[in-house]
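Here is query39.cif, consisting of mmCIF, C-alpha atoms:
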```
data_entry
loop_
_atom_site.label_atom_id
_atom_site.label_comp_id
_atom_site.auth_asym_id
_atom_site.auth_seq_id
_atom_site.Cartn_x
_atom_site.Cartn_y
_atom_site.Cartn_z
CA MET P 15 90.47 -38.87 12.84
CA LYS P 16 92.44 -40.52 15.61
CA LEU P 17 90.43 -42.37 18.23
CA SER P 18 91.59 -44.04 21.42
CA THR P 19 90.67 -47.30 23.11
CA ASP P 20 92.44 -46.58 26.39
CA ARG P 21 91.85 -42.91 27.26
CA ILE P 22 89.64 -39.89 26.67
CA LEU P 23 91.10 -37.55 24.07
CA THR P 24 90.72 -33.77 24.07
CA THR P 25 90.14 -31.09 21.46
CA HIS P 26 88.40 -27.73 21.09
CA VAL P 27 86.36 -25.89 18.47
CA GLY P 28 89.13 -23.89 16.85
CA SER P 29 89.30 -20.16 17.35
CA LEU P 30 91.86 -18.95 19.91
CA PRO P 31 92.98 -15.43 20.90
CA ARG P 32 95.21 -13.65 18.39
CA PRO P 33 98.32 -11.85 19.66
CA PRO P 34 97.66 -8.07 19.81
CA ASP P 35 100.17 -7.20 17.12
CA LEU P 36 98.81 -9.82 14.73
CA LEU P 37 95.25 -8.72 15.49
CA ALA P 38 96.17 -5.15 14.58
CA MET P 39 97.40 -6.38 11.20
CA LEU P 40 94.21 -8.38 10.62
CA GLU P 41 92.06 -5.37 11.47
CA ALA P 42 94.11 -3.16 9.15
CA ARG P 43 93.59 -5.63 6.32
CA GLU P 44 89.84 -5.82 6.90
CA THR P 45 89.36 -2.07 7.09
CA GLY P 46 91.42 -1.37 3.98
CA GLN P 47 94.38 0.23 5.71
CA GLY P 48 97.86 -0.28 4.44
CA PHE P 49 100.07 -2.84 6.13
CA ASP P 50 103.25 -4.78 5.44
CA GLU P 51 102.26 -8.10 3.85
CA THR P 52 105.72 -9.63 4.37
CA ALA P 53 105.71 -8.70 8.05
CA PHE P 54 102.19 -10.07 8.38
CA GLU P 55 103.11 -13.44 6.89
CA ALA P 56 106.15 -13.77 9.15
CA ARG P 57 104.15 -12.84 12.26
CA LEU P 58 101.36 -15.20 11.26
CA ALA P 59 103.72 -18.16 10.89
CA ARG P 60 105.22 -17.44 14.30
CA ALA P 61 101.77 -17.07 15.88
CA VAL P 62 100.66 -20.45 14.55
CA ARG P 63 103.80 -22.11 15.92
CA GLU P 64 103.21 -20.50 19.30
CA ILE P 65 99.52 -21.37 19.44
CA VAL P 66 100.13 -25.03 18.55
CA GLU P 67 102.86 -25.28 21.17
CA GLN P 68 100.50 -23.83 23.79
CA GLN P 69 97.76 -26.31 22.95
CA VAL P 70 100.16 -29.23 23.23
CA ALA P 71 101.51 -27.87 26.52
CA CYS P 72 97.95 -27.75 27.88
CA GLY P 73 97.41 -31.42 27.01
CA ILE P 74 95.15 -30.98 23.99
CA ASP P 75 95.35 -33.99 21.67
CA SER P 76 93.71 -32.61 18.51
CA VAL P 77 94.99 -29.09 17.86
CA CYS P 78 94.60 -26.44 15.17
CA ASP P 79 96.06 -23.13 14.07
CA GLY P 80 93.67 -21.18 16.28
CA GLU P 81 92.32 -19.49 13.11
CA GLN P 82 95.16 -17.01 13.53
CA SER P 83 94.94 -15.84 9.92
CA LYS P 84 91.22 -15.07 10.06
CA ILE P 85 89.28 -12.12 11.43
CA SER P 86 86.32 -14.49 11.81
CA TYR P 87 85.26 -17.99 10.91
CA THR P 88 83.08 -16.70 8.05
CA PHE P 89 84.41 -13.36 6.77
CA TYR P 90 87.66 -15.01 5.70
CA VAL P 91 86.01 -16.31 2.51
CA ARG P 92 86.11 -12.77 1.09
CA HIS P 93 89.83 -13.30 0.48
CA ARG P 94 89.37 -16.69 -1.20
CA LEU P 95 86.12 -16.78 -3.19
CA SER P 96 85.25 -14.82 -6.30
CA GLY P 97 81.82 -13.22 -6.35
CA ILE P 98 82.22 -11.90 -2.81
CA GLY P 99 82.22 -8.14 -2.76
CA ALA P 100 82.42 -5.77 0.15
CA PHE P 101 80.32 -2.85 1.26
CA HIS P 102 82.24 -0.03 2.92
CA GLY P 103 80.17 2.51 4.78
CA ALA P 104 78.86 5.02 2.27
CA GLU P 105 79.02 2.70 -0.75
CA VAL P 106 75.40 1.80 -0.03
CA ASP P 107 72.81 3.27 2.28
CA LYS P 108 72.53 0.00 4.17
CA PRO P 109 74.31 -3.30 3.54
CA PRO P 110 72.22 -6.48 3.53
CA GLN P 111 71.28 -7.47 7.08
CA THR P 112 70.21 -10.64 8.83
CA ALA P 113 68.12 -10.78 11.96
CA GLN P 114 69.31 -10.08 15.50
CA HIS P 115 69.20 -12.91 18.05
CA LEU P 116 65.58 -13.21 19.18
CA ASP P 117 66.51 -13.58 22.85
CA LEU P 118 68.30 -10.24 22.71
CA VAL P 119 65.24 -8.63 21.15
CA ASP P 120 63.34 -9.79 24.23
CA HIS P 121 66.07 -8.43 26.49
CA PRO P 122 67.46 -5.21 24.98
CA ASP P 123 69.26 -4.40 28.23
CA ALA P 124 71.23 -7.63 27.80
CA ALA P 125 72.06 -6.63 24.22
CA ALA P 126 73.24 -3.20 25.40
CA ARG P 127 75.38 -4.77 28.12
CA MET P 128 76.97 -7.13 25.59
CA ILE P 129 77.93 -4.21 23.34
CA GLN P 130 79.33 -2.33 26.33
CA LEU P 131 81.43 -5.26 27.53
CA ARG P 132 82.84 -5.77 24.06
CA GLY P 133 84.07 -2.21 23.86
CA GLY P 134 81.15 -0.61 22.03
CA VAL P 135 81.59 -0.03 18.30
CA SER P 136 84.18 -2.49 17.00
CA TRP P 137 86.20 -2.85 13.84
CA PHE P 138 82.94 -4.08 12.23
CA ALA P 139 81.84 -0.48 11.91
CA ALA P 140 84.69 0.31 9.54
CA ALA P 141 85.28 -3.13 8.07
CA ALA P 142 84.19 -4.37 4.72
CA VAL P 143 80.95 -6.30 5.07
CA PRO P 144 81.18 -9.36 2.80
CA CYS P 145 78.33 -9.77 0.39
CA CYS P 146 77.70 -12.01 -2.61
CA THR P 147 77.70 -9.80 -5.70
CA GLY P 148 78.43 -12.35 -8.43
CA PRO P 149 78.95 -16.06 -9.19
CA VAL P 150 80.94 -17.67 -6.37
CA ALA P 151 83.93 -19.91 -7.08
CA TYR P 152 87.23 -20.68 -5.40
CA ARG P 153 89.48 -17.91 -6.69
CA ASP P 154 92.66 -17.67 -4.63
CA ARG P 155 94.39 -20.68 -3.04
CA ARG P 156 97.26 -18.66 -1.59
CA PRO P 157 95.68 -17.86 1.81
CA LEU P 158 94.64 -21.50 2.23
CA ASP P 159 98.05 -22.79 1.17
CA THR P 160 99.66 -20.43 3.67
CA ASP P 161 97.43 -21.75 6.45
CA LEU P 162 98.17 -25.36 5.52
CA LYS P 163 101.93 -24.77 5.46
CA ASN P 164 101.94 -22.86 8.74
CA LEU P 165 99.98 -25.58 10.52
CA ALA P 166 102.12 -28.34 9.02
CA ASP P 167 105.32 -26.59 10.11
CA ALA P 168 103.94 -25.99 13.61
CA CYS P 169 102.89 -29.62 13.98
CA ALA P 170 106.29 -30.84 12.79
CA ALA P 171 107.85 -28.86 15.65
CA ALA P 172 105.32 -29.54 18.44
CA HIS P 173 104.24 -33.12 17.59
CA PRO P 174 100.54 -33.04 18.59
CA GLY P 175 98.49 -36.20 18.41
CA GLU P 176 96.42 -34.79 15.55
CA ALA P 177 95.57 -31.51 13.85
CA PHE P 178 92.37 -30.14 12.35
CA MET P 179 91.50 -27.04 10.34
CA ASN P 180 88.27 -25.05 10.30
CA ALA P 181 86.18 -24.15 7.27
CA ALA P 182 82.76 -22.51 7.03
CA SER P 183 79.68 -24.47 6.02
CA PRO P 184 77.73 -23.39 2.95
CA GLY P 185 74.68 -22.69 5.09
CA VAL P 186 76.32 -20.37 7.60
CA LEU P 187 77.62 -18.13 4.82
CA THR P 188 74.05 -17.26 3.81
CA LYS P 189 73.87 -15.25 7.05
CA PHE P 190 77.32 -13.69 7.23
CA VAL P 191 77.76 -13.22 3.48
CA PRO P 192 74.27 -12.17 2.35
CA ASP P 193 73.31 -12.70 -1.27
CA THR P 194 72.47 -9.93 -3.74
CA PHE P 195 73.25 -11.96 -6.88
CA TYR P 196 71.47 -15.32 -6.95
CA LYS P 197 68.26 -13.94 -5.40
CA ASN P 198 67.39 -17.53 -4.46
CA GLU P 199 68.76 -19.06 -1.27
CA ASP P 200 68.63 -22.65 -2.51
CA ALA P 201 70.69 -21.71 -5.56
CA TYR P 202 73.09 -19.71 -3.40
CA VAL P 203 73.68 -22.63 -1.01
CA GLU P 204 74.25 -24.97 -3.94
CA ALA P 205 76.80 -22.58 -5.44
CA LEU P 206 78.58 -22.17 -2.12
CA ALA P 207 78.85 -25.93 -1.72
CA GLU P 208 80.56 -26.19 -5.09
CA ALA P 209 82.83 -23.24 -4.32
CA LEU P 210 83.93 -24.58 -0.92
CA GLN P 211 84.63 -28.11 -2.10
CA PRO P 212 88.25 -27.35 -3.14
CA GLU P 213 89.02 -25.94 0.31
CA TYR P 214 87.49 -28.92 2.09
CA GLU P 215 89.42 -31.39 -0.03
CA ALA P 216 92.69 -29.46 0.24
CA ILE P 217 92.55 -29.51 4.06
CA VAL P 218 92.11 -33.28 4.15
CA GLY P 219 94.64 -33.73 1.34
CA ALA P 220 97.22 -31.92 3.49
CA GLY P 221 96.75 -34.54 6.21
CA PHE P 222 94.46 -32.59 8.56
CA VAL P 223 90.99 -33.34 9.86
CA LEU P 224 88.40 -31.02 8.31
CA GLN P 225 86.11 -29.24 10.75
CA ILE P 226 83.04 -27.71 9.16
CA ASP P 227 81.56 -24.91 11.25
CA ALA P 228 77.77 -25.01 10.92
CA PRO P 229 75.92 -22.81 13.42
CA ASP P 230 73.29 -22.57 10.69
CA LEU P 231 71.99 -25.82 12.23
CA GLY P 232 71.49 -24.19 15.63
CA SER P 233 71.72 -20.44 16.13
CA ALA P 234 70.19 -19.64 12.75
CA ARG P 235 66.83 -20.77 14.16
CA HIS P 236 66.59 -17.76 16.51
CA ASN P 237 68.17 -15.15 14.25
CA GLN P 238 68.22 -15.71 10.50
CA TYR P 239 65.10 -17.90 10.44
CA GLN P 240 63.25 -16.66 13.51
CA HIS P 241 60.19 -15.94 11.38
CA LEU P 242 59.79 -19.63 10.43
CA SER P 243 58.25 -22.55 12.26
CA ASP P 244 60.46 -25.33 13.61
CA ALA P 245 59.29 -27.59 10.78
CA GLU P 246 60.23 -24.99 8.16
CA PHE P 247 63.61 -24.43 9.80
CA LEU P 248 64.32 -28.16 9.84
CA ARG P 249 63.70 -28.30 6.10
CA ILE P 250 66.38 -25.61 5.69
CA ALA P 251 68.70 -27.56 7.98
CA GLU P 252 68.18 -30.66 5.84
CA ARG P 253 69.01 -28.63 2.73
CA ASN P 254 72.18 -27.32 4.36
CA ILE P 255 73.26 -30.81 5.42
CA ALA P 256 72.67 -32.01 1.86
CA ALA P 257 74.98 -29.22 0.69
CA VAL P 258 77.67 -30.30 3.16
CA ASN P 259 77.33 -33.89 2.03
CA HIS P 260 77.62 -32.92 -1.62
CA ALA P 261 80.68 -30.75 -1.03
CA THR P 262 82.40 -33.52 0.97
CA ARG P 263 81.37 -36.46 -1.19
CA ASN P 264 85.00 -37.29 -2.00
CA ILE P 265 86.21 -37.13 1.62
CA PRO P 266 86.08 -40.10 4.04
CA PRO P 267 83.69 -39.41 6.96
CA ALA P 268 86.44 -40.32 9.44
CA SER P 269 88.46 -37.34 8.17
CA MET P 270 85.77 -34.82 9.14
CA ARG P 271 83.97 -33.30 12.09
CA LEU P 272 80.95 -30.98 12.17
CA HIS P 273 80.44 -28.21 14.71
CA ILE P 274 77.04 -26.78 15.62
CA CYS P 275 76.24 -24.07 18.16
CA TRP P 276 73.54 -21.68 19.27
CA GLY P 277 75.62 -18.53 19.09
CA ASN P 278 78.84 -17.98 20.99
CA TYR P 279 77.63 -15.24 23.33
CA GLU P 280 76.62 -14.93 26.97
CA GLY P 281 72.91 -14.19 26.70
CA PRO P 282 69.50 -15.57 27.68
CA HIS P 283 69.35 -18.15 24.86
CA THR P 284 65.66 -18.57 25.62
CA HIS P 285 64.78 -19.16 21.97
CA ASP P 286 67.42 -21.79 21.18
CA ILE P 287 66.07 -24.78 19.30
CA PRO P 288 66.70 -27.92 21.40
CA LEU P 289 69.47 -30.26 20.32
CA ALA P 290 66.97 -33.11 20.24
CA LYS P 291 65.07 -31.40 17.41
CA VAL P 292 68.09 -31.05 15.12
CA LEU P 293 70.00 -34.16 16.14
CA ASP P 294 68.52 -36.51 13.51
CA THR P 295 69.39 -33.99 10.81
CA CYS P 296 72.95 -33.64 12.12
CA MET P 297 73.34 -37.41 12.23
CA ARG P 298 72.69 -37.51 8.48
CA ALA P 299 75.77 -35.40 7.83
CA ARG P 300 78.75 -37.27 6.40
CA PRO P 301 81.33 -36.06 8.96
CA GLN P 302 81.91 -38.75 11.56
CA ALA P 303 82.13 -36.52 14.64
CA LEU P 304 79.69 -33.95 16.00
CA LEU P 305 80.90 -31.10 18.21
CA PHE P 306 78.10 -29.40 20.14
CA GLU P 307 77.50 -27.14 23.11
CA ALA P 308 77.03 -29.17 26.28
CA ALA P 309 78.44 -26.94 29.02
CA ASN P 310 76.49 -23.70 28.83
CA PRO P 311 73.52 -23.56 31.21
CA ARG P 312 70.91 -23.58 28.46
CA HIS P 313 72.12 -26.88 26.98
CA ALA P 314 73.97 -28.69 29.76
CA HIS P 315 70.90 -30.85 30.47
CA GLU P 316 70.56 -32.22 26.96
CA TRP P 317 72.67 -35.32 27.58
CA GLU P 318 69.42 -36.74 28.95
CA ASP P 319 67.80 -36.29 25.54
CA LEU P 320 70.64 -38.15 23.87
CA GLN P 321 69.94 -41.14 26.11
CA ARG P 322 66.73 -41.61 24.13
CA ALA P 323 68.13 -40.64 20.73
CA LYS P 324 69.13 -42.89 17.87
CA ILE P 325 72.82 -42.22 17.39
CA PRO P 326 74.41 -44.23 14.56
CA ASP P 327 77.10 -46.64 15.68
CA ASP P 328 79.75 -44.94 13.54
CA LYS P 329 79.28 -41.46 15.01
CA ILE P 330 81.66 -39.82 17.49
CA LEU P 331 80.42 -37.29 20.05
CA MET P 332 82.56 -34.28 20.97
CA PRO P 333 80.52 -32.52 23.66
CA GLY P 334 81.57 -29.14 24.91
CA CYS P 335 82.78 -29.76 28.45
CA ILE P 336 83.87 -26.17 29.08
CA ASP P 337 82.00 -22.95 28.29
CA SER P 338 83.53 -20.46 25.87
CA THR P 339 81.77 -17.28 27.05
CA THR P 340 82.65 -16.94 30.75
CA ASN P 341 85.85 -16.64 32.75
CA PHE P 342 84.94 -19.39 35.18
CA VAL P 343 87.50 -22.19 34.96
CA GLU P 344 85.57 -25.43 35.21
CA HIS P 345 86.86 -27.85 37.81
CA PRO P 346 88.44 -30.99 36.30
CA ARG P 347 86.06 -33.19 38.30
CA LEU P 348 83.06 -31.44 36.76
CA ILE P 349 84.59 -31.96 33.33
CA ALA P 350 85.09 -35.66 34.13
CA GLN P 351 81.45 -35.93 35.19
CA ARG P 352 80.32 -34.36 31.91
CA ILE P 353 82.48 -36.74 29.89
CA ALA P 354 81.04 -39.73 31.77
CA GLN P 355 77.48 -38.67 30.93
CA TYR P 356 78.20 -39.09 27.24
CA ALA P 357 80.40 -42.16 27.65
CA ASP P 358 77.44 -43.86 29.29
CA ILE P 359 75.39 -43.16 26.15
CA VAL P 360 77.71 -44.15 23.30
CA GLY P 361 80.66 -45.80 25.00
CA ARG P 362 83.95 -44.37 26.23
CA GLU P 363 85.75 -44.93 22.90
CA ARG P 364 83.26 -42.70 21.07
CA VAL P 365 83.61 -39.58 23.21
CA ILE P 366 86.23 -36.86 22.76
CA ALA P 367 86.13 -33.96 25.21
CA GLY P 368 85.76 -30.56 23.55
CA THR P 369 84.66 -26.99 24.13
CA ASP P 370 81.34 -25.32 23.50
CA CYS P 371 82.67 -22.96 20.84
CA GLY P 372 85.72 -20.93 19.90
CA PHE P 373 87.30 -18.38 22.22
CA ALA P 374 87.71 -15.68 19.57
CA THR P 375 84.99 -16.43 17.01
CA PHE P 376 85.24 -12.83 15.89
CA ALA P 377 88.78 -11.70 16.62
CA GLY P 378 89.01 -8.65 18.84
CA GLN P 379 90.78 -7.06 21.76
CA THR P 380 87.77 -7.57 24.04
CA ASN P 381 86.74 -11.19 23.62
CA PRO P 382 84.65 -12.36 26.61
CA VAL P 383 87.24 -14.86 27.87
CA VAL P 384 90.67 -13.35 28.52
CA PRO P 385 93.65 -15.20 27.02
CA SER P 386 95.14 -16.42 30.31
CA VAL P 387 91.80 -17.98 31.26
CA VAL P 388 91.49 -19.64 27.85
CA TRP P 389 94.67 -21.58 28.56
CA ALA P 390 93.59 -22.36 32.11
CA LYS P 391 90.32 -23.76 30.77
CA LEU P 392 92.07 -25.94 28.20
CA LYS P 393 94.47 -27.24 30.84
CA SER P 394 91.50 -28.07 33.08
CA LEU P 395 89.86 -29.86 30.14
CA ALA P 396 92.89 -32.12 29.80
CA GLU P 397 92.98 -32.74 33.55
CA GLY P 398 89.29 -33.62 33.53
CA ALA P 399 89.82 -36.02 30.64
CA ALA P 400 92.57 -37.74 32.65
CA ILE P 401 90.23 -38.15 35.62
CA ALA P 402 87.51 -39.51 33.34
CA THR P 403 90.00 -41.93 31.84
CA ASP P 404 90.89 -43.31 35.27
CA ARG P 405 87.23 -43.75 36.14
CA LEU P 406 86.01 -45.16 32.85
CA TRP P 407 88.87 -47.62 32.47
CA GLY P 408 88.74 -48.64 36.13
CA LYS P 409 92.10 -47.16 37.06
CA ALA P 410 90.72 -45.29 40.06
CA ALA P 411 87.71 -45.37 42.32
#
```

Once you've parsed the file, please lay out its structure as structure tokens.
Amino acid sequence: MKLSTDRILTTHVGSLPRPPDLLAMLEARETGQGFDETAFEARLARAVREIVEQQVACGIDSVCDGEQSKISYTFYVRHRLSGIGAFHGAEVDKPPQTAQHLDLVDHPDAAARMIQLRGGVSWFAAAAVPCCTGPVAYRDRRPLDTDLKNLADACAAAHPGEAFMNAASPGVLTKFVPDTFYKNEDAYVEALAEALQPEYEAIVGAGFVLQIDAPDLGSARHNQYQHLSDAEFLRIAERNIAAVNHATRNIPPASMRLHICWGNYEGPHTHDIPLAKVLDTCMRARPQALLFEAANPRHAHEWEDLQRAKIPDDKILMPGCIDSTTNFVEHPRLIAQRIAQYADIVGRERVIAGTDCGFATFAGQTNPVVPSVVWAKLKSLAEGAAIATDRLWGKAA
């Protein structure tokens, strides 16, 4: 992971809007419709080149492929791991479910509004719901190799400062890929860690920073594990971190970053577990950098908690300085102020400005933030980092 001693660097969480024609191909693949694989691969390669070029043009230092090949940051494993089956509609009366966000249970009108704004019933209704139906193992390297090649080619053309690639954590897959085979969550997480290890190592081996997406350390508290106490949830979080550490044991910490969030949706978030409660657990993860939500109104105050926290000297903070659920474009001066809050805690060299979450976590035509605003937000992020640089290095008043 590249760090800087003379300016604030910028990055984001990963997922970016897919072009409409590519999205149509992804949806066709997920719903079992026929589509031209050769045309898909060509369009995908072009989309990755375009998305990397746009990130560089916005001033983003650490870029990625925008997860252009994936319908979501979790469901993609269905195409790579063995033991992952799919339930289609009438195949079963009801596929395995995990709990709804507890804040939306409290506010059903907010849940209804969210569904309405996202266009009602989505491709999820017809898509294959991933589910563990047998022993999991890494089965097919071709999709990963395609992603690695596309990102490498795009970086060779656009020359970003650095590139990263996303991969799901073992823990988050227990929610989005429910288990019907192991019948024991500890055993399932252990198996997932072993299965994901080849992907983690291949990403780093290709010269990219590995980003592990782990909302199981945040949002899982108020959905999947809402029936547990905080203490019981923290024991699960510790188990999930142990799984990450095992799966990445051969990777240098400086080649990895870990992302946590409380659910990438505009909602009440009144049941979110505070960052302060999970921070010690996150700090025990091997990845050097931690990306976390710091812009949304339910968590923007938590920099104060980090002032009192024990943050290891080797850890890098990547706070979200722009929100990923609204179409407000944050002013660069506000972004600079947010960066300074964290620089005052760990030092300017240990802060990289990021985003709260991805802008198309689940790819769709009706993501909350429209594409043109996504790029305006990322440009503002870079402008805010430049202002923070001038202030923190004494280049301006």

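The space between CA of Ala290 (chain P) and CA of Lys329 (chain P) spans 15.8 Å.
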
Review point. Smallest atom-to-atom distance to Pro333 (chain P): which of P:Ala42, P:Leu23, P:Leu30, P:Ala166, using all atoms listed in the file?
Key: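 Nearest to Pro333 (chain P): P:Leu23.
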
Point to revise | Within 10 Å of Ile65 (chain P) using only C-alpha atoms, minus same-chain residues under 2 positions, as a PyMOL selection string | key: chain P and resi 30-33+60-63+67-71+77-82+165+168

Exercise for review: Find, counting only C-alpha atoms, the residue in P:Asp167, P:Glu280, P:Glu316, P:Asp159 that gets nearest to Val383 (chain P).
Suggested key: P:Glu280

Exercise for review: Output the residue selection produced by the PyMOL selection byres ((chain P and resi 181) around 9) on the file above, formatted as JSON, numbers by chain.
Suggested key: {"P": [87, 88, 179, 180, 182, 183, 210, 213, 214, 217, 224, 225, 226, 227]}

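Comparing P:Leu36, P:Leu331, P:Ala256, P:Ala125 by their smallest distance to Pro282 (chain P), the closest is P:Ala125 (using all atoms listed in the file).
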
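For the pair CA of His285 (chain P) and CA of Arg271 (chain P), the interatomic distance is 25.8 Å.
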
Exercise for review: Run the PyMOL selection byres ((chain P and resi 152) around 10) against the file shown and list the residues it catches, as a list in words.
Suggested key: Val91, His93, Arg94, Leu95, Ser96, Gly97, Val150, Ala151, Arg153, Asp154, Arg155, Leu206, Glu208, Ala209, Leu210, Gln211, Pro212 and Glu213 of chain P

Review point. Mind telling me what the PyMOL selection byres ((chain P and resi 336) around 8) catches here, as a PyMOL selection string?
Key: chain P and resi 308-310+334-335+337-338+343-344+349+368-370+391+395

Store the residues of this selection in a file with C-alpha atoms, as a PDB file, in the coordinates of the input.
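Below is the file that was written, part.pdb:
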```pdb
ATOM      1  CA  ALA P 308      77.030 -29.170  26.280  1.00  0.00           C
ATOM      2  CA  ALA P 309      78.440 -26.940  29.020  1.00  0.00           C
ATOM      3  CA  ASN P 310      76.490 -23.700  28.830  1.00  0.00           C
ATOM      4  CA  GLY P 334      81.570 -29.140  24.910  1.00  0.00           C
ATOM      5  CA  CYS P 335      82.780 -29.760  28.450  1.00  0.00           C
ATOM      6  CA  ASP P 337      82.000 -22.950  28.290  1.00  0.00           C
ATOM      7  CA  SER P 338      83.530 -20.460  25.870  1.00  0.00           C
ATOM      8  CA  VAL P 343      87.500 -22.190  34.960  1.00  0.00           C
ATOM      9  CA  GLU P 344      85.570 -25.430  35.210  1.00  0.00           C
ATOM     10  CA  ILE P 349      84.590 -31.960  33.330  1.00  0.00           C
ATOM     11  CA  GLY P 368      85.760 -30.560  23.550  1.00  0.00           C
ATOM     12  CA  THR P 369      84.660 -26.990  24.130  1.00  0.00           C
ATOM     13  CA  ASP P 370      81.340 -25.320  23.500  1.00  0.00           C
ATOM     14  CA  LYS P 391      90.320 -23.760  30.770  1.00  0.00           C
ATOM     15  CA  LEU P 395      89.860 -29.860  30.140  1.00  0.00           C
TER      16      LEU P 395
END
```

Exercise for review: Counting only C-alpha atoms, find the residues whose atoms lie at most 9 Å from (75.3, -14.7, -8.6) (file coordinates) and write them out as a ChimeraX atom specification.
Suggested key: /P:97,146-150,193-197,201-202,205

Point to revise | Residue nearest Ala257 (chain P) among P:Ala207, P:Val186, P:Met128, P:Leu231 (counting only C-alpha atoms) | key: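 Selected residue with least distance to Ala257 (chain P): P:Ala207.
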
Point to revise | Contact residues around Asp328 (chain P) with all atoms listed in the file at 9 Å, ignoring same-chain residues under 4 positions, as a list of chain:residue names | key: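 Selected residues are P:Gln302, P:Ala303, P:Arg364.
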
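Atom pair CA of Phe190 (chain P) / CA of Phe89 (chain P): separated by 7.1 Å.
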
Practice item. Pick out the residues sitting within 8 Å of Val292 (chain P), and hand them over as an NGL selection string; count all atoms listed in the file, and ignore anything fewer than 2 positions along from it in its own chain. Key: :P and (231-232 or 248 or 251 or 287-290 or 294-296)

**Study point:** Protein, DNA and RNA residues within 10 Å of (81.4, -43.5, 27.5), only C-alpha atoms, as a ChimeraX atom specification
**Key:** /P:22,331,353-366,402-403,406-407

Exercise for review: Kindly indicate which residue among P:His241, P:Arg405, P:His283, P:Lys393 lies nearest to Leu118 (chain P), using all atoms listed in the file for the distances.
Suggested key: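 The answer is P:His283, which sits nearest to Leu118 (chain P).
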
Check your understanding: Using all atoms listed in the file, which residue out of P:Ile255, P:Leu305, P:Leu348, P:Ala228 lies closest to Ile401 (chain P)?
Key -> P:Leu348

Practice item. Please provide the set of residues having any atom within 9 Å of Asp50 (chain P), restricted to all atoms listed in the file, with same-chain residues fewer than 4 positions apart removed, written as a list in words. Key: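 Contacts, in chain order: Met39, Phe54 and Glu55 of chain P.
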
Using all atoms of region 43-52 of chain P listed in the file and a margin of 5 Å per side, can you give the axis-aligned box centre and edge lengths in Å to one decimal, as JSON?
```
{"center_x": 97.5, "center_y": -4.7, "center_z": 5.5, "size_x": 26.4, "size_y": 19.9, "size_z": 13.2}
```
